[in-house]
Every structure is written in C-alpha cells, then in structure tokens.
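Chemist: Below is a structure I'd like to ask you about.
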Amino acid sequence: MHAFDVLGDPVRRRILELLADGEMTSGAVSEVIREEFGISQPGVSQHLRVLRENGFATVRPEGTRRLYAVNSEPLRDIDAWLDRFRRFWAPHLDALATELARGRRERRLRGADEPPRSTS
C-alpha cells in the first residue's frame with residue numbers, strides 16, 4: 001500500500017497523531033477512536049494493523065498489553081517526497097512570518113509612544 005493510501009484515511013491519521021505524543025496501549029487508542037469516530041475495537045485494531053504492516057507504527061508487548069508507537073522512517077520518506085513541493089508554500093509562509101513580526105513591532109512601538117494611563 002502506498003504511504004498516501006495509508007495516510008489518506010482520517011482514522012489512521014488520527015491514530016498517528018495520538019501516537020506522536022508517545023506510546024499508547026491498543027486499548028487507549030481504541031477508546032479515543034471509538035469516542036471520536038464511533039468505530040468498534042476490532043475496527044480500530046484493523047487500522048492499527050494497517051499502520052503496523054506499512055511501517056508507520058511499531059508495537060511491542062508488555063505483559064498482556066500491546067504498546068504502539070510511531071515509526072518515523074516512512075514519515076521521513078513522505079517529507080522527502082514533499083520537499084520538491086515546498087517551494088510553492090514556503091515563500092508565502094516566510095512572508096506571513098515577516099508581516100506578523102512587523103505587526104508586533106509596530107504595536108510595541110505604538111505602545112512605547114502612548115502616554116501612561118491615569119489610574120484615577
């Protein structure tokens with residue numbers, strides 16, 4: 001399965017978002033996904049299996065529990081593929097950062113020019 005096919009599913013993307021914060025048991029993942037998407041535990045397990053089989057997640061046993069975590073290697077591959085397209089949005093984001101900084105600077109300078117407010 002192609003990486004974008006794996007990540008094209010909103011449930012799998014959400015699972016990766018959860019795992020990005022650290023290892024989680026399959027039960028904890030299932031609980032969140034059931035609440036947010038209304039999917040049964042076997043359905044969540046299926047999504048975890050797809051992520052694991054396609055290299056996006058790792059699993060390690062801990063007693064009777066299974067702990068899932070993000071495997072960053074496939075994400076680096078996607079990042080490398082996206083790199084050729086960054087030129088389309090990077091300059092716009094840089095320009096936005098410049099405008100935000102300019103606005104903060106202007107507000108700071110205006111604040112320094114204003115007379116102190118009366119407390120009476």
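Chain identifiers are assigned as A, B, and so on, following the order in which chains appear in the structure tokens; residues are numbered from 1 within each chain, and ligands are numbered from 1 in order of appearance.
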If DSSP is run on the backbone, what residues of stretch 22-113 of chain A are alpha helix (DSSP H)? A reply as an MDAnalysis selection string would be ideal.

Modeler: chainID A and resid 26:37 41:53 73:83 90:113

Chemist: Give me a file of those residues, with C-alpha atoms, as a PDB file, in the first residue's frame.

Modeler:
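To be explicit, this is the file written out as part-v9.pdb:
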ATOM      1  CA  SER A  26      -4.119  -0.522  21.848  1.00  0.00           C
ATOM      2  CA  GLY A  27      -6.922  -0.172  24.400  1.00  0.00           C
ATOM      3  CA  ALA A  28      -6.202   3.514  24.960  1.00  0.00           C
ATOM      4  CA  VAL A  29      -6.064   4.147  21.205  1.00  0.00           C
ATOM      5  CA  SER A  30      -9.310   2.226  20.727  1.00  0.00           C
ATOM      6  CA  GLU A  31     -11.051   4.238  23.439  1.00  0.00           C
ATOM      7  CA  VAL A  32     -10.212   7.593  21.824  1.00  0.00           C
ATOM      8  CA  ILE A  33     -11.010   6.434  18.299  1.00  0.00           C
ATOM      9  CA  ARG A  34     -14.308   4.850  19.387  1.00  0.00           C
ATOM     10  CA  GLU A  35     -15.334   8.145  21.007  1.00  0.00           C
ATOM     11  CA  GLU A  36     -14.283  10.313  18.060  1.00  0.00           C
ATOM     12  CA  PHE A  37     -15.276   8.101  15.114  1.00  0.00           C
ATOM     13  CA  GLN A  41     -12.489  -2.059  18.864  1.00  0.00           C
ATOM     14  CA  PRO A  42     -11.985  -4.657  16.069  1.00  0.00           C
ATOM     15  CA  GLY A  43     -12.201  -1.820  13.525  1.00  0.00           C
ATOM     16  CA  VAL A  44      -9.556   0.175  15.385  1.00  0.00           C
ATOM     17  CA  SER A  45      -7.374  -2.942  15.572  1.00  0.00           C
ATOM     18  CA  GLN A  46      -7.654  -3.236  11.795  1.00  0.00           C
ATOM     19  CA  HIS A  47      -6.393   0.347  11.377  1.00  0.00           C
ATOM     20  CA  LEU A  48      -3.529  -0.321  13.804  1.00  0.00           C
ATOM     21  CA  ARG A  49      -2.633  -3.416  11.786  1.00  0.00           C
ATOM     22  CA  VAL A  50      -2.538  -1.394   8.544  1.00  0.00           C
ATOM     23  CA  LEU A  51      -0.263   1.184  10.187  1.00  0.00           C
ATOM     24  CA  ARG A  52       1.979  -1.538  11.581  1.00  0.00           C
ATOM     25  CA  GLU A  53       2.170  -3.592   8.372  1.00  0.00           C
ATOM     26  CA  GLU A  73      11.058   6.300   8.862  1.00  0.00           C
ATOM     27  CA  PRO A  74       8.049   6.308   6.483  1.00  0.00           C
ATOM     28  CA  LEU A  75       7.252   9.847   7.582  1.00  0.00           C
ATOM     29  CA  ARG A  76      10.771  10.922   6.614  1.00  0.00           C
ATOM     30  CA  ASP A  77      10.195   9.362   3.190  1.00  0.00           C
ATOM     31  CA  ILE A  78       6.983  11.384   2.795  1.00  0.00           C
ATOM     32  CA  ASP A  79       8.784  14.513   3.960  1.00  0.00           C
ATOM     33  CA  ALA A  80      11.498  13.930   1.356  1.00  0.00           C
ATOM     34  CA  TRP A  81       8.862  13.494  -1.351  1.00  0.00           C
ATOM     35  CA  LEU A  82       7.072  16.679  -0.255  1.00  0.00           C
ATOM     36  CA  ASP A  83      10.349  18.604  -0.271  1.00  0.00           C
ATOM     37  CA  ALA A  90       7.487  28.191   1.840  1.00  0.00           C
ATOM     38  CA  PRO A  91       7.819  31.761   0.453  1.00  0.00           C
ATOM     39  CA  HIS A  92       4.216  32.505   1.440  1.00  0.00           C
ATOM     40  CA  LEU A  93       4.829  31.266   4.977  1.00  0.00           C
ATOM     41  CA  ASP A  94       8.037  33.300   5.177  1.00  0.00           C
ATOM     42  CA  ALA A  95       6.152  36.407   4.019  1.00  0.00           C
ATOM     43  CA  LEU A  96       3.451  35.758   6.607  1.00  0.00           C
ATOM     44  CA  ALA A  97       6.072  35.458   9.354  1.00  0.00           C
ATOM     45  CA  THR A  98       7.587  38.774   8.233  1.00  0.00           C
ATOM     46  CA  GLU A  99       4.197  40.524   8.322  1.00  0.00           C
ATOM     47  CA  LEU A 100       3.407  39.116  11.764  1.00  0.00           C
ATOM     48  CA  ALA A 101       6.765  40.304  13.084  1.00  0.00           C
ATOM     49  CA  ARG A 102       6.219  43.732  11.527  1.00  0.00           C
ATOM     50  CA  GLY A 103       2.790  43.992  13.183  1.00  0.00           C
ATOM     51  CA  ARG A 104       4.212  43.014  16.594  1.00  0.00           C
ATOM     52  CA  ARG A 105       6.991  45.572  16.192  1.00  0.00           C
ATOM     53  CA  GLU A 106       4.547  48.330  15.227  1.00  0.00           C
ATOM     54  CA  ARG A 107       2.286  47.547  18.200  1.00  0.00           C
ATOM     55  CA  ARG A 108       5.299  47.562  20.514  1.00  0.00           C
ATOM     56  CA  LEU A 109       6.485  50.921  19.142  1.00  0.00           C
ATOM     57  CA  ARG A 110       2.978  52.432  19.381  1.00  0.00           C
ATOM     58  CA  GLY A 111       2.768  51.213  22.962  1.00  0.00           C
ATOM     59  CA  ALA A 112       6.032  52.977  23.822  1.00  0.00           C
ATOM     60  CA  ASP A 113       4.769  56.262  22.306  1.00  0.00           C
TER      61      ASP A 113
END

Chemist: Identify all residues of chain A in strand (DSSP E or B) (DSSP on the backbone) and supply them as a ChimeraX atom specification.

Modeler: /A:24-25,57-62,65-70

Chemist: Would you write out those residues with N, CA and C atoms, as a PDB file, in the first residue's frame?

Modeler:
ATOM      1  N   MET A  24       1.221   4.303  23.290  1.00  0.00           N
ATOM      2  CA  MET A  24      -0.119   4.094  23.836  1.00  0.00           C
ATOM      3  C   MET A  24      -0.489   2.628  23.699  1.00  0.00           C
ATOM      4  N   THR A  25      -1.268   2.153  24.631  1.00  0.00           N
ATOM      5  CA  THR A  25      -1.777   0.791  24.504  1.00  0.00           C
ATOM      6  C   THR A  25      -2.854   0.775  23.425  1.00  0.00           C
ATOM      7  N   ALA A  57       3.766   2.359  12.254  1.00  0.00           N
ATOM      8  CA  ALA A  57       3.678   2.163  13.704  1.00  0.00           C
ATOM      9  C   ALA A  57       4.454   0.910  14.083  1.00  0.00           C
ATOM     10  N   THR A  58       4.956   0.940  15.298  1.00  0.00           N
ATOM     11  CA  THR A  58       5.613  -0.238  15.856  1.00  0.00           C
ATOM     12  C   THR A  58       4.771  -0.712  17.031  1.00  0.00           C
ATOM     13  N   VAL A  59       4.932  -1.953  17.371  1.00  0.00           N
ATOM     14  CA  VAL A  59       4.219  -2.499  18.519  1.00  0.00           C
ATOM     15  C   VAL A  59       5.191  -3.338  19.319  1.00  0.00           C
ATOM     16  N   ARG A  60       5.065  -3.234  20.623  1.00  0.00           N
ATOM     17  CA  ARG A  60       5.888  -4.075  21.487  1.00  0.00           C
ATOM     18  C   ARG A  60       5.010  -4.598  22.612  1.00  0.00           C
ATOM     19  N   PRO A  61       5.189  -5.860  22.914  1.00  0.00           N
ATOM     20  CA  PRO A  61       4.394  -6.426  24.007  1.00  0.00           C
ATOM     21  C   PRO A  61       4.945  -5.994  25.352  1.00  0.00           C
ATOM     22  N   GLU A  62       4.035  -5.783  26.278  1.00  0.00           N
ATOM     23  CA  GLU A  62       4.405  -5.509  27.665  1.00  0.00           C
ATOM     24  C   GLU A  62       3.394  -6.268  28.517  1.00  0.00           C
ATOM     25  N   ARG A  65      -0.383  -6.474  27.475  1.00  0.00           N
ATOM     26  CA  ARG A  65      -0.707  -5.279  26.691  1.00  0.00           C
ATOM     27  C   ARG A  65       0.184  -5.174  25.467  1.00  0.00           C
ATOM     28  N   ARG A  66      -0.291  -4.427  24.499  1.00  0.00           N
ATOM     29  CA  ARG A  66       0.483  -4.103  23.305  1.00  0.00           C
ATOM     30  C   ARG A  66       0.639  -2.587  23.266  1.00  0.00           C
ATOM     31  N   LEU A  67       1.883  -2.138  23.221  1.00  0.00           N
ATOM     32  CA  LEU A  67       2.162  -0.705  23.176  1.00  0.00           C
ATOM     33  C   LEU A  67       2.538  -0.306  21.750  1.00  0.00           C
ATOM     34  N   TYR A  68       1.821   0.670  21.235  1.00  0.00           N
ATOM     35  CA  TYR A  68       2.059   1.169  19.878  1.00  0.00           C
ATOM     36  C   TYR A  68       2.805   2.492  19.937  1.00  0.00           C
ATOM     37  N   ALA A  69       3.634   2.709  18.926  1.00  0.00           N
ATOM     38  CA  ALA A  69       4.392   3.958  18.812  1.00  0.00           C
ATOM     39  C   ALA A  69       4.549   4.290  17.330  1.00  0.00           C
ATOM     40  N   VAL A  70       4.864   5.542  17.048  1.00  0.00           N
ATOM     41  CA  VAL A  70       5.108   5.983  15.673  1.00  0.00           C
ATOM     42  C   VAL A  70       6.481   5.501  15.241  1.00  0.00           C
TER      43      VAL A  70
END

Chemist: For the atom pair atom CA of A:Asn71 and atom CA of A:Glu17, what is the interatomic distance in Å to one decimal place?

Modeler: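 Atom CA of A:Asn71 sits 12.1 Å away from atom CA of A:Glu17.
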
Chemist: One decimal, in Å: what's the spacing between atom CA of A:Gly63 and atom CA of A:Ala20?

Modeler: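 Going from atom CA of A:Gly63 over to atom CA of A:Ala20, I get 22.6 Å.
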
Chemist: How many Å lie between atom CA of A:Phe88 and atom CA of A:Ile15, rounded to one decimal?

Modeler: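 Taking atom CA of A:Phe88 and atom CA of A:Ile15, their separation equals 28.5 Å.
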